[in-house]
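Asker: target.cif is the file, holding mmCIF, C-alpha atoms and all ligand atoms:
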```
data_entry
#
loop_
_atom_site.label_atom_id
_atom_site.label_comp_id
_atom_site.auth_asym_id
_atom_site.auth_seq_id
_atom_site.Cartn_x
_atom_site.Cartn_y
_atom_site.Cartn_z
CA MET A 1440 53.51 177.63 -70.87
CA CYS A 1441 52.79 180.77 -68.78
CA ILE A 1442 53.88 184.21 -70.03
CA ALA A 1443 56.69 184.50 -67.47
CA ASP A 1444 58.18 181.20 -68.71
CA LYS A 1445 57.79 182.36 -72.31
CA VAL A 1446 59.67 185.64 -71.81
CA ASN A 1447 62.30 183.85 -69.73
CA GLU A 1448 62.89 181.28 -72.47
CA ARG A 1449 63.04 183.94 -75.18
CA PHE A 1450 65.45 186.05 -73.13
CA MET A 1451 67.74 183.07 -72.46
CA ALA A 1452 67.74 182.15 -76.16
CA LEU A 1453 68.72 185.71 -77.10
CA TYR A 1454 71.18 186.58 -74.33
CA HIS A 1455 72.31 183.26 -72.74
CA THR A 1456 71.98 184.64 -69.23
CA THR A 1457 69.31 184.43 -66.51
CA PRO A 1458 67.13 187.56 -66.34
CA LEU A 1459 65.12 189.04 -63.52
CA LEU A 1460 61.42 188.25 -64.10
CA ILE A 1461 58.75 190.82 -63.28
CA LEU A 1462 54.97 190.46 -63.37
CA SER A 1463 53.02 193.68 -63.82
CA PRO A 1464 49.20 193.65 -63.76
CA GLY A 1465 46.39 195.48 -65.51
CA ARG A 1466 43.73 197.10 -63.34
CA VAL A 1467 40.02 197.44 -62.79
CA ASN A 1468 38.33 200.40 -61.15
CA ILE A 1469 35.16 199.74 -59.15
CA ILE A 1470 34.14 203.38 -59.04
CA GLY A 1471 35.69 206.87 -59.27
CA GLU A 1472 36.14 207.42 -62.99
CA HIS A 1473 37.95 210.54 -64.28
CA THR A 1474 38.18 211.73 -60.67
CA ASP A 1475 41.94 211.14 -60.40
CA TYR A 1476 43.02 214.23 -62.34
CA ASN A 1477 40.46 216.23 -60.34
CA ASP A 1478 42.25 215.38 -57.06
CA GLY A 1479 39.39 213.06 -56.10
CA PHE A 1480 39.14 209.47 -54.88
CA VAL A 1481 39.36 206.26 -56.91
CA LEU A 1482 38.80 202.59 -56.01
CA PRO A 1483 40.95 200.49 -58.34
CA ALA A 1484 42.62 197.07 -57.98
CA ALA A 1485 45.31 195.12 -59.80
CA ILE A 1486 44.03 192.06 -61.68
CA ASP A 1487 45.11 188.69 -63.05
CA LYS A 1488 45.81 190.00 -66.57
CA LYS A 1489 49.44 191.05 -66.78
CA ILE A 1490 52.69 191.88 -68.54
CA ALA A 1491 55.72 189.65 -67.92
CA LEU A 1492 59.15 191.26 -68.30
CA ALA A 1493 62.55 189.57 -68.42
CA ILE A 1494 65.34 192.09 -67.85
CA ALA A 1495 69.10 192.11 -67.12
CA PRO A 1496 71.96 194.62 -67.43
CA SER A 1497 73.61 194.59 -70.88
CA GLY A 1498 77.03 195.53 -69.54
CA SER A 1499 77.21 198.63 -71.79
CA GLY A 1500 75.08 201.74 -72.31
CA ARG A 1501 73.03 199.97 -74.94
CA CYS A 1502 69.38 199.16 -74.16
CA THR A 1503 67.45 196.65 -76.31
CA VAL A 1504 63.78 195.89 -75.82
CA HIS A 1505 61.79 193.11 -77.53
CA ALA A 1506 57.97 193.24 -77.45
CA ALA A 1507 57.17 189.58 -78.09
CA ALA A 1508 53.44 190.09 -78.70
CA LEU A 1509 54.09 192.81 -81.27
CA GLU A 1510 57.05 191.01 -82.83
CA ASP A 1511 58.89 194.29 -82.66
CA SER A 1512 62.07 195.50 -80.99
CA PHE A 1513 64.22 198.61 -80.69
CA SER A 1514 67.52 199.79 -79.22
CA PHE A 1515 68.81 203.04 -77.81
CA ASP A 1516 71.79 204.28 -75.84
CA CYS A 1517 70.92 205.49 -72.36
CA ARG A 1518 74.21 207.48 -72.13
CA GLU A 1519 72.73 209.84 -74.75
CA GLU A 1520 69.67 212.02 -74.23
CA VAL A 1521 66.59 209.77 -74.30
CA ARG A 1522 63.96 211.33 -76.58
CA PRO A 1523 60.41 210.33 -77.61
CA ALA A 1524 60.05 207.91 -80.54
CA GLU A 1525 56.76 206.45 -81.73
CA GLY A 1526 54.05 204.09 -80.44
CA TRP A 1527 54.65 201.62 -77.59
CA LYS A 1528 58.36 202.53 -77.35
CA ASN A 1529 57.44 205.79 -75.62
CA TYR A 1530 56.20 204.01 -72.50
CA ILE A 1531 59.70 202.63 -71.97
CA LEU A 1532 61.69 205.62 -73.21
CA GLY A 1533 59.56 207.91 -71.04
CA VAL A 1534 60.21 205.80 -67.94
CA VAL A 1535 63.98 205.70 -68.57
CA HIS A 1536 64.06 209.45 -69.22
CA HIS A 1537 62.15 210.34 -66.05
CA LEU A 1538 64.15 207.96 -63.86
CA GLN A 1539 67.28 209.69 -65.14
CA GLN A 1540 65.74 213.15 -64.63
CA ARG A 1541 65.21 212.28 -60.98
CA GLY A 1542 68.87 211.39 -60.66
CA TYR A 1543 68.62 207.59 -60.84
CA ARG A 1544 71.55 206.04 -62.65
CA ILE A 1545 70.53 203.61 -65.37
CA ASP A 1546 73.02 201.53 -67.31
CA GLY A 1547 72.26 199.59 -70.46
CA PHE A 1548 69.85 196.66 -70.27
CA ASN A 1549 68.29 193.93 -72.37
CA ALA A 1550 64.60 193.18 -72.01
CA VAL A 1551 61.88 190.94 -73.43
CA PHE A 1552 58.23 191.44 -72.52
CA ASP A 1553 54.90 189.87 -73.39
CA GLY A 1554 51.44 190.00 -71.89
CA ASP A 1555 47.80 189.03 -71.91
CA ILE A 1556 46.26 192.46 -71.17
CA PRO A 1557 44.29 193.26 -74.30
CA ILE A 1558 45.59 196.55 -75.76
CA GLY A 1559 43.05 199.39 -75.89
CA SER A 1560 40.63 197.51 -73.65
CA GLY A 1561 40.69 200.04 -70.79
CA LEU A 1562 42.57 197.60 -68.52
CA SER A 1563 45.67 199.77 -68.62
CA SER A 1564 48.25 197.75 -70.46
CA SER A 1565 50.27 200.97 -70.80
CA ALA A 1566 50.59 201.48 -67.04
CA ALA A 1567 51.55 197.80 -66.78
CA VAL A 1568 54.42 198.32 -69.24
CA GLU A 1569 55.53 201.46 -67.39
CA GLY A 1570 55.32 199.72 -63.99
CA ALA A 1571 57.17 196.62 -65.25
CA PHE A 1572 60.07 198.72 -66.58
CA SER A 1573 60.31 201.25 -63.75
CA PHE A 1574 60.19 198.50 -61.12
CA GLY A 1575 62.46 196.18 -63.15
CA LEU A 1576 65.07 198.91 -63.58
CA THR A 1577 65.08 199.72 -59.86
CA GLN A 1578 65.67 196.04 -59.13
CA VAL A 1579 68.45 195.35 -61.62
CA PHE A 1580 70.32 198.58 -60.87
CA GLY A 1581 69.64 198.67 -57.13
CA LEU A 1582 67.82 202.03 -57.26
CA ASP A 1583 66.25 203.21 -54.06
CA ALA A 1584 62.95 204.53 -55.44
CA GLU A 1585 59.63 204.08 -53.66
CA ARG A 1586 56.61 202.68 -55.42
CA PHE A 1587 54.65 205.94 -55.35
CA GLU A 1588 57.60 207.62 -57.08
CA LEU A 1589 57.58 204.95 -59.78
CA ALA A 1590 53.86 205.61 -60.27
CA LEU A 1591 54.60 209.32 -60.74
CA ILE A 1592 57.36 208.45 -63.22
CA GLY A 1593 54.92 206.34 -65.26
CA GLN A 1594 52.43 209.21 -65.25
CA GLN A 1595 55.12 211.68 -66.36
CA ALA A 1596 56.06 209.31 -69.19
CA GLU A 1597 52.40 209.44 -70.34
CA HIS A 1598 52.29 213.24 -70.19
CA THR A 1599 55.60 213.99 -71.89
CA PHE A 1600 56.36 211.01 -74.17
CA VAL A 1601 52.91 209.56 -74.97
CA GLY A 1602 50.84 212.77 -74.95
CA VAL A 1603 48.02 211.64 -72.65
CA ASN A 1604 47.49 213.93 -69.64
CA CYS A 1605 46.29 211.07 -67.48
CA GLY A 1606 45.76 210.99 -63.74
CA ILE A 1607 47.69 208.76 -61.37
CA MET A 1608 45.17 205.95 -60.85
CA ASP A 1609 46.45 203.35 -63.32
CA GLN A 1610 50.14 203.57 -62.42
CA PHE A 1611 49.35 203.64 -58.70
CA ALA A 1612 47.08 200.59 -58.85
CA ASN A 1613 49.61 198.70 -60.93
CA LEU A 1614 52.32 199.22 -58.30
CA HIS A 1615 50.27 199.00 -55.08
CA GLY A 1616 47.79 196.21 -55.81
CA ARG A 1617 47.14 193.52 -53.19
CA LYS A 1618 45.32 190.21 -53.43
CA ASN A 1619 41.54 190.67 -52.90
CA GLN A 1620 41.92 194.32 -51.88
CA LEU A 1621 40.71 197.47 -53.54
CA ILE A 1622 42.82 200.59 -53.11
CA ARG A 1623 40.95 203.64 -51.89
CA LEU A 1624 43.34 206.27 -53.17
CA ASP A 1625 43.13 209.97 -52.45
CA CYS A 1626 44.63 211.39 -55.65
CA ARG A 1627 45.33 214.73 -53.99
CA ASP A 1628 48.06 213.51 -51.64
CA LEU A 1629 48.42 209.84 -52.68
CA SER A 1630 47.36 208.59 -49.26
CA TYR A 1631 45.55 205.26 -49.52
CA VAL A 1632 43.93 202.45 -47.60
CA TYR A 1633 43.13 198.92 -48.67
CA VAL A 1634 39.45 197.97 -48.73
CA PRO A 1635 38.75 194.21 -48.78
CA PHE A 1636 36.72 192.96 -51.72
CA ASN A 1637 35.68 189.52 -50.59
CA PHE A 1638 32.31 188.49 -51.92
CA PRO A 1639 32.64 184.77 -52.68
CA GLY A 1640 29.15 184.64 -54.23
CA TYR A 1641 30.01 187.27 -56.84
CA LYS A 1642 32.48 187.74 -59.67
CA ILE A 1643 33.91 190.78 -61.39
CA VAL A 1644 33.16 190.23 -65.07
CA LEU A 1645 34.66 192.42 -67.79
CA CYS A 1646 32.96 192.59 -71.19
CA ASN A 1647 35.20 193.89 -73.95
CA THR A 1648 33.52 195.85 -76.75
CA MET A 1649 36.58 195.03 -78.91
CA VAL A 1650 36.52 198.64 -80.11
CA HIS A 1651 38.79 201.53 -79.28
CA HIS A 1652 37.71 204.75 -80.94
CA SER A 1653 40.56 206.83 -82.28
CA LEU A 1654 39.52 210.10 -80.62
CA ALA A 1655 40.13 208.58 -77.17
CA SER A 1656 43.32 210.40 -76.17
CA SER A 1657 42.43 213.80 -77.62
CA ALA A 1658 38.95 213.64 -76.04
CA TYR A 1659 40.53 212.58 -72.74
CA ASN A 1660 42.82 215.62 -72.75
CA GLU A 1661 39.85 217.81 -73.69
CA ARG A 1662 37.84 216.55 -70.66
CA ARG A 1663 40.74 217.42 -68.42
CA ARG A 1664 40.92 220.93 -69.90
CA GLN A 1665 37.17 221.41 -69.42
CA CYS A 1666 37.46 220.46 -65.76
CA GLU A 1667 40.29 222.97 -65.33
CA GLU A 1668 38.17 225.64 -67.01
CA GLY A 1669 35.38 224.94 -64.53
CA VAL A 1670 37.79 225.28 -61.61
CA LYS A 1671 39.04 228.62 -62.93
CA VAL A 1672 35.53 230.08 -63.01
CA LEU A 1673 34.52 228.66 -59.63
CA ARG A 1674 37.71 229.89 -57.98
CA ASP A 1675 36.60 233.48 -58.65
CA HIS A 1676 33.76 232.82 -56.23
CA TYR A 1677 35.49 230.36 -53.88
CA PRO A 1678 39.23 231.10 -53.63
CA GLU A 1679 39.73 227.94 -51.56
CA VAL A 1680 38.82 225.73 -54.56
CA LYS A 1681 41.94 224.05 -55.94
CA SER A 1682 40.23 221.38 -58.00
CA LEU A 1683 36.74 219.98 -58.65
CA ARG A 1684 37.17 217.74 -55.64
CA ASP A 1685 36.65 220.86 -53.48
CA VAL A 1686 33.35 221.77 -55.15
CA THR A 1687 30.00 220.67 -53.67
CA PRO A 1688 26.84 220.23 -55.78
CA ALA A 1689 25.39 223.35 -54.12
CA MET A 1690 28.43 225.49 -55.03
CA LEU A 1691 28.23 224.29 -58.63
CA GLU A 1692 24.48 225.02 -58.91
CA GLU A 1693 24.95 228.48 -57.44
CA HIS A 1694 27.32 229.45 -60.26
CA LYS A 1695 25.86 227.35 -63.06
CA THR A 1696 25.16 230.37 -65.26
CA ALA A 1697 28.79 231.54 -65.07
CA LEU A 1698 29.89 228.29 -66.74
CA ASP A 1699 29.71 227.26 -70.36
CA SER A 1700 26.92 224.63 -70.52
CA THR A 1701 29.26 221.80 -71.61
CA VAL A 1702 31.80 222.69 -68.92
CA TYR A 1703 28.95 222.75 -66.37
CA ARG A 1704 27.89 219.19 -67.32
CA ARG A 1705 31.49 217.94 -67.12
CA CYS A 1706 31.83 219.50 -63.67
CA ARG A 1707 28.47 218.10 -62.53
CA TYR A 1708 29.58 214.58 -63.38
CA ILE A 1709 32.87 214.95 -61.46
CA VAL A 1710 31.26 216.56 -58.41
CA GLU A 1711 28.66 213.78 -58.26
CA GLU A 1712 31.21 211.05 -58.87
CA THR A 1713 33.41 212.35 -56.05
CA GLU A 1714 30.44 211.89 -53.70
CA ARG A 1715 29.66 208.45 -55.16
CA VAL A 1716 33.13 207.08 -54.33
CA VAL A 1717 32.69 208.07 -50.69
CA ALA A 1718 29.22 206.47 -50.67
CA ALA A 1719 30.60 203.34 -52.36
CA CYS A 1720 33.21 202.91 -49.61
CA ALA A 1721 30.44 203.17 -47.01
CA CYS A 1722 28.51 200.45 -48.88
CA LEU A 1723 31.59 198.20 -48.91
CA GLU A 1724 32.06 198.69 -45.18
CA LYS A 1725 28.50 197.43 -44.62
CA ASP A 1726 28.80 194.63 -47.21
CA ASP A 1727 26.02 196.43 -49.09
CA LEU A 1728 26.74 195.15 -52.57
CA LEU A 1729 23.33 196.20 -53.90
CA GLY A 1730 24.02 199.78 -52.84
CA LEU A 1731 27.41 199.64 -54.53
CA GLY A 1732 25.79 198.33 -57.72
CA ARG A 1733 23.30 201.22 -57.81
CA LEU A 1734 26.21 203.69 -57.53
CA MET A 1735 28.08 201.94 -60.36
CA ASP A 1736 24.98 202.25 -62.54
CA ALA A 1737 24.73 205.96 -61.74
CA THR A 1738 28.41 206.37 -62.68
CA HIS A 1739 27.74 204.92 -66.11
CA ASP A 1740 24.79 207.26 -66.64
CA GLY A 1741 27.00 210.25 -65.74
CA LEU A 1742 29.89 209.12 -67.94
CA SER A 1743 27.55 208.54 -70.87
CA GLY A 1744 25.31 211.61 -70.37
CA ASP A 1745 27.16 214.53 -68.75
CA TYR A 1746 30.77 213.48 -69.39
CA GLU A 1747 30.18 211.98 -72.86
CA VAL A 1748 33.04 209.48 -72.81
CA SER A 1749 30.96 206.37 -73.53
CA CYS A 1750 30.15 205.03 -77.01
CA PRO A 1751 27.25 203.05 -78.52
CA GLU A 1752 29.02 199.71 -77.98
CA LEU A 1753 29.60 200.36 -74.25
CA ASP A 1754 26.05 201.68 -73.77
CA TYR A 1755 24.70 198.59 -75.51
CA LEU A 1756 26.67 196.21 -73.25
CA VAL A 1757 25.37 198.06 -70.19
CA SER A 1758 21.80 197.98 -71.52
CA LEU A 1759 22.11 194.19 -71.94
CA ALA A 1760 23.51 193.67 -68.44
CA ARG A 1761 21.31 195.94 -66.35
CA PRO A 1762 17.92 194.23 -66.61
CA ARG A 1763 19.38 190.85 -65.60
CA SER A 1764 18.67 189.76 -62.05
CA GLU A 1765 22.16 188.28 -61.55
CA VAL A 1766 23.82 191.66 -62.25
CA ILE A 1767 24.48 193.88 -59.25
CA GLY A 1768 26.00 196.79 -61.18
CA SER A 1769 27.29 197.49 -64.69
CA ARG A 1770 29.18 200.40 -66.16
CA MET A 1771 31.84 201.43 -68.64
CA MET A 1772 35.31 201.48 -67.10
CA GLY A 1773 38.45 203.57 -67.64
CA GLY A 1774 39.00 206.48 -70.01
CA GLY A 1775 36.13 205.49 -72.34
CA PHE A 1776 35.37 205.51 -76.09
CA GLY A 1777 35.65 201.72 -76.15
CA GLY A 1778 37.26 199.05 -74.03
CA CYS A 1779 35.41 197.16 -71.32
CA THR A 1780 32.42 197.34 -69.07
CA ILE A 1781 32.81 196.16 -65.49
CA ASN A 1782 29.98 194.08 -64.07
CA ILE A 1783 29.42 192.53 -60.65
CA VAL A 1784 27.61 189.28 -61.32
CA GLU A 1785 26.32 186.40 -59.15
CA ALA A 1786 28.95 183.67 -59.45
CA ASP A 1787 26.44 180.90 -60.24
CA ALA A 1788 25.00 182.84 -63.15
CA VAL A 1789 28.24 184.00 -64.83
CA LYS A 1790 27.88 181.48 -67.65
CA ASP A 1791 24.28 182.48 -68.44
CA PHE A 1792 25.30 186.12 -68.29
CA SER A 1793 28.28 185.61 -70.59
CA ASP A 1794 26.25 183.60 -73.12
CA HIS A 1795 23.55 186.23 -73.22
CA ILE A 1796 26.00 189.11 -73.69
CA THR A 1797 28.00 187.22 -76.31
CA ASP A 1798 24.94 186.27 -78.40
CA ALA A 1799 23.27 189.65 -78.33
CA TYR A 1800 26.44 191.69 -78.89
CA THR A 1801 27.60 189.48 -81.74
CA ARG A 1802 24.19 189.84 -83.42
CA GLN A 1803 24.26 193.62 -83.00
CA TYR A 1804 27.86 194.39 -84.01
CA GLY A 1805 29.00 191.33 -85.96
CA LYS A 1806 31.92 190.73 -83.58
CA ARG A 1807 32.23 188.60 -80.46
CA PRO A 1808 32.95 190.46 -77.23
CA ASP A 1809 35.71 188.93 -75.11
CA ILE A 1810 34.53 188.24 -71.59
CA TYR A 1811 36.97 187.98 -68.67
CA VAL A 1812 36.03 186.71 -65.24
CA THR A 1813 38.76 188.50 -63.36
CA THR A 1814 40.35 188.25 -59.91
CA ILE A 1815 42.11 190.85 -57.76
CA GLU A 1816 45.83 190.23 -57.47
CA GLU A 1817 49.20 191.57 -56.30
CA GLY A 1818 50.69 194.67 -57.89
CA THR A 1819 53.97 194.64 -59.84
CA HIS A 1820 56.49 192.26 -58.29
CA ALA A 1821 59.55 190.18 -59.10
CA VAL A 1822 59.03 186.43 -59.46
CA SER A 1823 62.69 185.45 -59.56
CA TYR A 1824 66.09 186.96 -58.96
CA PRO A 1825 69.08 186.28 -61.13
CA PRO A 1826 71.67 184.12 -59.37
CA ALA A 1827 74.46 186.12 -57.73
CA PRO A 1828 77.49 186.43 -60.06
C1 LIG B 1 42.53 206.43 -67.93
C2 LIG B 1 43.58 207.29 -67.23
F1 LIG B 1 44.84 206.83 -67.52
C3 LIG B 1 43.38 207.37 -65.73
O1 LIG B 1 44.29 208.25 -65.16
C4 LIG B 1 41.94 207.74 -65.37
O2 LIG B 1 41.71 209.11 -65.55
C5 LIG B 1 40.95 206.89 -66.18
O3 LIG B 1 41.23 206.90 -67.57
C6 LIG B 1 39.53 207.36 -65.98
O4 LIG B 1 39.14 207.20 -64.66
O5 LIG B 1 42.66 205.09 -67.55
#
```
As a first step, turn the structure in this file into structure tokens.
Ligand code: GAF

Answerer:
Amino acid sequence: MCIADKVNERFMALYHTTPLLILSPGRVNIIGEHTDYNDGFVLPAAIDKKIALAIAPSGSGRCTVHAAALEDSFSFDCREEVRPAEGWKNYILGVVHHLQQRGYRIDGFNAVFDGDIPIGSGLSSSAAVEGAFSFGLTQVFGLDAERFELALIGQQAEHTFVGVNCGIMDQFANLHGRKNQLIRLDCRDLSYVYVPFNFPGYKIVLCNTMVHHSLASSAYNERRRQCEEGVKVLRDHYPEVKSLRDVTPAMLEEHKTALDSTVYRRCRYIVEETERVVAACACLEKDDLLGLGRLMDATHDGLSGDYEVSCPELDYLVSLARPRSEVIGSRMMGGGFGGCTINIVEADAVKDFSDHITDAYTRQYGKRPDIYVTTIEEGTHAVSYPPAP
């Protein structure tokens, strides 16, 4: 039984009414890591791993949410002030709060959700929960909110309820994904174009370290602060600089000594990565997959060296993948400190690649890495509408 059927069945058993069903995907990012909160470009896509949400009005102000995978549930009253709670509940409470703050009228609802996006794997299960609920609520209550606004609401929920000062990439990709298309998003003004990713001879393969180091969110916020510190110093010399996206390698070198050495290395990674995304788009336009792969490799080196958001497990997976002739590019993906690597691999050799990675990683760390051969899919959408009353 697929996840959508499972949540539908569970919802019907609990509430004896037909819910609206929403599918909300995880995401990959081909290149452009940690550039989103520096106003730069990113190149993400929605994928086949997803959250399924069954949702319907409750007919009162009461809201009840069941997380099937976690065997947990909670209730709150949306007529009272919605405040942060703990753990996964904050993704939903944050979305409800920020919809209300923007003047959208929410009544009570019942919801059941489940999913197959591994938590803490860097595939953005949190943005998928936020996107499922923000989109689901707009549908059941007839709210006239655009998708980019829902993405901003998800991001605000992260900042104010979850405590992660994330960029906009994950929420945007979740809500704007399209089959076989990457999204080239300019995080400064949220303008975007779709870039086809159609290479039938190649697969996107994700290798999950199965670790998620606990410092991830505090280190993430620290990186963001360090970037802002760099901007502050550089702005003294270049008043036109609003974010690291406006800084060229030459400008950074010129004022290297004015920067703390760690801050300088953080800035160097971002400035170089901003250029790599532009170069990667040029490669995609020319079907130059080898060129794209070299850029992905360079991104990993920057994330591991200058930005220091990798970890031994991710570096090890990359070191296993890189020497193999079937691998076009390999790097850590997402916020870092665990989660997955993203690899572009010749389709015919995916099995050999997976076997090799699985054997070596299991020998090294005593745990099997999960390996997902992923596809690029639609963003958050409804799969059924409740019958008219
Ligand atoms: C996490 C964040 F949520 C994103 O906004 C982005 O910064 C990413 O890490 C790194 O590119 O997924």

Asker: For each of A:Pro1496, A:Gly1581, A:Pro1523, A:Pro1751, take the minimum atom-to-atom distance to A:His1651, counting only C-alpha atoms, then give the residue where this is smallest.

Answerer: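 For A:His1651, the nearest of the candidates is A:Pro1751.
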
Asker: Taking only C-alpha atoms and all ligand atoms and a cut-off of 8 Å, can you tell me which residues surround ligand LIG 1 (chain B), written as an MDAnalysis selection string?

Answerer: chainID A and resid 1468 1471:1476 1481 1561:1563 1566 1603:1610 1659 1772:1775

Asker: Could you list, as a VMD selection string, every residue within 10 Å of A:Leu1460, counting all atoms listed in the file and ignoring same-chain residues fewer than 5 positions away?

Answerer: chain A and resid 1443 to 1444 1446 to 1447 1491 to 1495 1550 to 1552 1571 1575 1820 to 1825

Asker: At what distance in Å, to one decimal, does atom CA of A:Gly1730 lie from atom CA of A:Ala1718?

Answerer: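 Atom-to-atom, atom CA of A:Ala1718 to atom CA of A:Gly1730, that is 8.7 Å.
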
Asker: Which one is closest to A:Ala1721: A:Ile1486, A:Glu1692, A:Arg1623, A:Asp1809? Count only C-alpha atoms.

Answerer: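 Nearest candidate to A:Ala1721 out of A:Ile1486, A:Glu1692, A:Arg1623, A:Asp1809: A:Arg1623.
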
Asker: With only C-alpha atoms as the atoms that count, which of A:Asp1625, A:Gly1778, A:Asn1477, A:Tyr1755 lies nearest to A:Arg1662?

Answerer: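 That would be A:Asn1477, the residue with the smallest distance to A:Arg1662.
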
Asker: How many Å separate atom CA of A:Gly1465 from atom CA of A:Thr1814?

Answerer: 11.0 Å

Asker: Between A:Ile1796, A:Ala1584, A:Ile1643, A:Met1690, single out the one closest to A:Pro1762, counting all atoms listed in the file.

Answerer: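 The closest residue to A:Pro1762 is A:Ile1796.
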
Asker: Considering only C-alpha atoms, return as JSON, numbers by chain whatever protein or nucleic-acid residues lie within 7 Å of stretch 1666-1671 of chain A, sequence-local ones (same chain, fewer than 5 positions apart) excluded.

Answerer: {"A": [1682, 1683, 1698, 1702, 1705, 1706]}

Asker: Could you work out how far atom CA of A:Val1650 lies from atom CA of A:Glu1525, giving the answer in Å with one decimal?

Answerer: 21.8 Å

Asker: List the neighbours of stretch 1513-1522 of chain A out to 8 Å using only C-alpha atoms; skip same-chain residues closer than 6 positions along the sequence, and give me the result as number ranges by chain.

Answerer: A: 1500-1505, 1528, 1532-1533, 1535-1536, 1545-1547, 1600
